[in-house]
Every structure is written in C-alpha cells, then in structure tokens.
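Asks: Before we start, here is the structure in question, set down as structure tokens.
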Amino acid sequence: MGFGLISIAQDNMHFLRMDELILRKYDDHYLKLRKIFERTIQLIDTHHPDEIAIEAPFFGKNIQSMLKLGRAQGVAMAAGLSRDIPITEYSPKKIKMAITGNGNASKEQVAKMLQHLLKIKELPVNLDSTDGLAAAVCHFFNAGKTETQTNYGSWATFVSQNKHRVE
C-alpha cells in the first residue's frame with residue numbers, strides 16, 4: 001500500500017513525503033488489514049490531513065485480488081472516516097489523466113511526471129508510493145471540480161498549463 005503526502009499553501013502544492021507499507025511479509029489477510037488500518041491512523045494522527053484521496057477499486061481479471069484490494073481500500077477509508085476526514089475516490093484512469101494528461105499512462109510515466117512537478121530528487125524502486133502520491137496530486141488538481149474535461153496533447157502542454165499550481 002503506497003501513500004503520498006502533499007501540503008497546499010496559497011494554492012501551491014508542496015511535496016512532503018511518500019512511502020509504502022510492506023505487507024508481503026504477513027501471510028494472514030486479516031493481519032494485513034489491521035496493519036493498513038493502524039498505519040493509516042498513525043499517518044493521520046501525525047500529519048493531520050484535511051482530506052484524503054484514494055484510488056477507487058478497479059475491475060481486474062482476478063476476482064480474488066480485486067476483493068482483497070477492495071477490503072484494503074475500505075480499511076484505509078474507515079481509518080480516515082474514524083477521524084472525520086473527508087475522502088474522495090478517483091479512478092486509476094482519472095488519476096493518470098490528471099497527472100500526465102493520458103488516462104492510459106504507465107506507472108513509470110506517472111512517477112516521472114510527479115518527479116518533475118514536485119521536484120523529487122529520487123524516485124523509489126517500487127512505484128506503489130508514487131501511486132499514492134498521484135492520488136493526492138490528482139485531488140489537488142481536481143479541487144472544486146466535479147469532472148475534468150481538459151484533454152492535453154502532450155506532457156509539455158500539461159506542464160505549461162499547470163505551472164501555476166506547482167512551486
């Protein structure tokens with residue numbers, strides 16, 4: 001489970017941190033869910049976010065994986081809701097579109113654009129943390145909007161039209 005934190009000051013976005021919760025070492029699915037809940041609560045209590053953005057469940061070929069992912073997302077959402085923090089979900093395509101201008105972008109393309117936008121010196125090897133950061137940035141870009149209608153033809157166009165949002 002990846003997560004990313006940004007702060008907003010005077011309508012400008014600032015990178016705080018990104019990381020991931022490594023769950024492979026646990027065999028018990030319920031223990032994994034407990035770890036997700038506890039870590040999410042810890043992040044909330046440490047950083048006091050005003051809002052949480054999360055990637056919405058997506059349809060996959062493996063129904064068991066999809067169910068496990070949905071449970072994990074639900075636990076993270078429950079942690080936020082237990083602290084009265086509003087939660088917004090974004091589809092993977094919407095997140096990719098917000099970050100790169102292409103709803104079919106690869107994880108690597110999203111990570112590289114985040115690196116550029118937020119002036120991140122080094123990207124992590126595993127891109128789960130950039131996925132979490134991408135949800136946060138997508139939420140910032142969509143603040144006050146119900147639907148994004150802009151279609152960017154290239155990364156350069158996207159960056160030039162969104163420079164005012166990034167310090």
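Residues are named by chain letter and number: chains run A, B, ... in the order of the structure tokens, numbers start at 1 in each chain, and ligands are numbered from 1 in the order shown.
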Write out as a tab-separated table the residues of region 50-117 of chain A that have any atom within 9 Å of an atom of region 20-38 of chain A, one row each with the nearest atom pair and its distance in Å to one decimal, counting only C-alpha atoms, sorted by chain and then rising number.
Replies:
```
residue	atom	partner	partner_atom	distance
A:Lys68	CA	A:His29	CA	8.1
A:Arg71	CA	A:Leu33	CA	7.6
A:Ala72	CA	A:Leu33	CA	5.9
A:Gln73	CA	A:Ile36	CA	8.9
A:Val75	CA	A:Phe37	CA	5.7
A:Ala76	CA	A:Phe37	CA	5.7
A:Met77	CA	A:Phe37	CA	8.6
A:Ala78	CA	A:Phe37	CA	7.7
A:Ala79	CA	A:Phe37	CA	5.7
```
Asks: Set the distance at 12 Å and use only C-alpha atoms: which residues neighbour His47 (chain A) once local chain neighbours fewer than 6 positions away are removed? I'd like the list as a ChimeraX atom specification.
Replies: /A:4-7,16-17,40-41
Asks: Take the residues from that selection and put them in a file with C-alpha atoms, as a short mmCIF file (atom, residue, chain, number, x, y, z; two decimals), in the first residue's frame.
Replies:
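See part-v3.cif below for the written result:
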```cif
data_model
loop_
_atom_site.label_atom_id
_atom_site.label_comp_id
_atom_site.auth_asym_id
_atom_site.auth_seq_id
_atom_site.Cartn_x
_atom_site.Cartn_y
_atom_site.Cartn_z
CA GLY A 4 1.85 10.23 -0.57
CA LEU A 5 1.50 13.46 1.34
CA ILE A 6 1.40 16.97 -0.04
CA SER A 7 0.66 20.31 1.57
CA LEU A 16 6.01 16.24 1.97
CA ARG A 17 6.68 12.54 1.68
CA THR A 40 -3.32 4.92 8.23
CA ILE A 41 -4.38 6.07 11.72
#
```
Asks: Provide the CA of Leu69 (chain A) to CA of Glu55 (chain A) distance in Å, to one decimal place.
Replies: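 Pair CA of Leu69 (chain A) / CA of Glu55 (chain A) returns 10.5 Å.
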Asks: Identify which of the residues A:Ala134, A:Ala143, A:Asn126, A:Leu118 lies closest to Phe15 (chain A), counting only C-alpha atoms when measuring atom-to-atom distances.
Replies: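 Looking at the shortest contact to Phe15 (chain A), the residue is A:Leu118.
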Asks: So that I can see what lies close to region 82-98 of chain A, please list as an MDAnalysis selection string the residues with an atom at most 8 Å from it, counting only C-alpha atoms and leaving out residues fewer than 3 positions away in the same chain.
Replies: chainID A and resid 44 49:58 77:79 101:105 110 134:135 138:139 141:142
Asks: Work out how far CA of Gly80 (chain A) is from CA of Thr46 (chain A), in Å to one decimal.
Replies: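 Those two atoms sit 12.8 Å apart.
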Asks: Mind checking DSSP for region 64-94 of chain A and telling me the alpha helix (DSSP H) residues as a list of chain:residue names?
Replies: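 Those residues are A:Gln64, A:Ser65, A:Met66, A:Leu67, A:Lys68, A:Leu69, A:Gly70, A:Arg71, A:Ala72, A:Gln73, A:Gly74, A:Val75, A:Ala76, A:Met77, A:Ala78, A:Ala79, A:Gly80, A:Leu81, A:Ser82, A:Pro92, A:Lys93, A:Lys94.
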Asks: Can you write just those residues out, C-alpha atoms, as an mmCIF file, in the first residue's frame?
Replies:
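Saved file result31.cif follows:
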```
data_model
loop_
_atom_site.group_PDB
_atom_site.id
_atom_site.type_symbol
_atom_site.label_atom_id
_atom_site.label_comp_id
_atom_site.auth_asym_id
_atom_site.auth_seq_id
_atom_site.Cartn_x
_atom_site.Cartn_y
_atom_site.Cartn_z
ATOM 1 C CA GLN A 64 -9.854 -12.697 -5.513
ATOM 2 C CA SER A 65 -7.209 -9.994 -5.932
ATOM 3 C CA MET A 66 -9.908 -7.441 -6.619
ATOM 4 C CA LEU A 67 -11.801 -8.413 -3.460
ATOM 5 C CA LYS A 68 -8.647 -8.190 -1.335
ATOM 6 C CA LEU A 69 -7.816 -4.788 -2.795
ATOM 7 C CA GLY A 70 -11.353 -3.552 -2.117
ATOM 8 C CA ARG A 71 -11.104 -4.670 1.503
ATOM 9 C CA ALA A 72 -7.754 -2.930 1.909
ATOM 10 C CA GLN A 73 -9.136 0.281 0.426
ATOM 11 C CA GLY A 74 -12.175 0.020 2.691
ATOM 12 C CA VAL A 75 -9.998 -0.331 5.780
ATOM 13 C CA ALA A 76 -7.946 2.733 4.809
ATOM 14 C CA MET A 77 -11.175 4.656 4.218
ATOM 15 C CA ALA A 78 -12.576 3.524 7.582
ATOM 16 C CA ALA A 79 -9.447 4.857 9.296
ATOM 17 C CA GLY A 80 -9.982 8.278 7.720
ATOM 18 C CA LEU A 81 -13.685 8.277 8.455
ATOM 19 C CA SER A 82 -12.989 7.362 12.089
ATOM 20 C CA PRO A 92 -6.973 4.940 -11.910
ATOM 21 C CA LYS A 93 -7.639 6.466 -15.352
ATOM 22 C CA LYS A 94 -8.679 9.798 -13.832
#
```
Asks: One decimal, in Å: what's the spacing between CA of Leu133 (chain A) and CA of Met1 (chain A)?
Replies: 11.3 Å
Asks: Let me make sure I understand: among A:Lys121, A:Leu43, A:Gln109, A:Ile8, which one has the smallest atom-to-atom distance to Ala136 (chain A) if we use only C-alpha atoms?
Replies: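 That would be A:Ile8, the residue with the smallest distance to Ala136 (chain A).
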Asks: Going by DSSP on the backbone, which residues of region 84-125 of chain A come out as strand (DSSP E or B)? List them as a short mmCIF file (atom, residue, chain, number, x, y, z; two decimals) with all heavy atoms, in the first residue's frame.
Replies:
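Okay, part_9.cif is ready:
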```cif
data_model
loop_
_atom_site.label_atom_id
_atom_site.label_comp_id
_atom_site.auth_asym_id
_atom_site.auth_seq_id
_atom_site.Cartn_x
_atom_site.Cartn_y
_atom_site.Cartn_z
N ILE A 87 -13.19 11.88 2.39
CA ILE A 87 -12.45 11.00 1.48
C ILE A 87 -13.04 11.15 0.08
O ILE A 87 -14.25 11.17 -0.09
CB ILE A 87 -12.55 9.54 1.93
CG1 ILE A 87 -11.87 9.41 3.30
CG2 ILE A 87 -11.91 8.60 0.92
CD1 ILE A 87 -12.08 8.10 3.96
N THR A 88 -12.16 11.26 -0.90
CA THR A 88 -12.58 11.31 -2.29
C THR A 88 -11.86 10.19 -3.02
O THR A 88 -10.66 9.99 -2.84
CB THR A 88 -12.22 12.66 -2.94
OG1 THR A 88 -12.78 13.71 -2.16
CG2 THR A 88 -12.73 12.75 -4.36
N GLU A 89 -12.63 9.47 -3.84
CA GLU A 89 -12.05 8.39 -4.65
C GLU A 89 -11.91 8.85 -6.09
O GLU A 89 -12.76 9.58 -6.60
CB GLU A 89 -12.96 7.17 -4.64
CG GLU A 89 -13.04 6.45 -3.33
CD GLU A 89 -13.93 5.23 -3.45
OE1 GLU A 89 -13.40 4.16 -3.81
OE2 GLU A 89 -15.14 5.36 -3.20
N TYR A 90 -10.83 8.41 -6.73
CA TYR A 90 -10.58 8.69 -8.13
C TYR A 90 -10.25 7.39 -8.84
O TYR A 90 -9.49 6.57 -8.30
CB TYR A 90 -9.41 9.68 -8.30
CG TYR A 90 -9.70 11.04 -7.74
CD1 TYR A 90 -9.30 11.39 -6.47
CD2 TYR A 90 -10.41 11.99 -8.49
CE1 TYR A 90 -9.57 12.64 -5.93
CE2 TYR A 90 -10.67 13.23 -7.98
CZ TYR A 90 -10.26 13.56 -6.69
OH TYR A 90 -10.54 14.80 -6.18
#
```
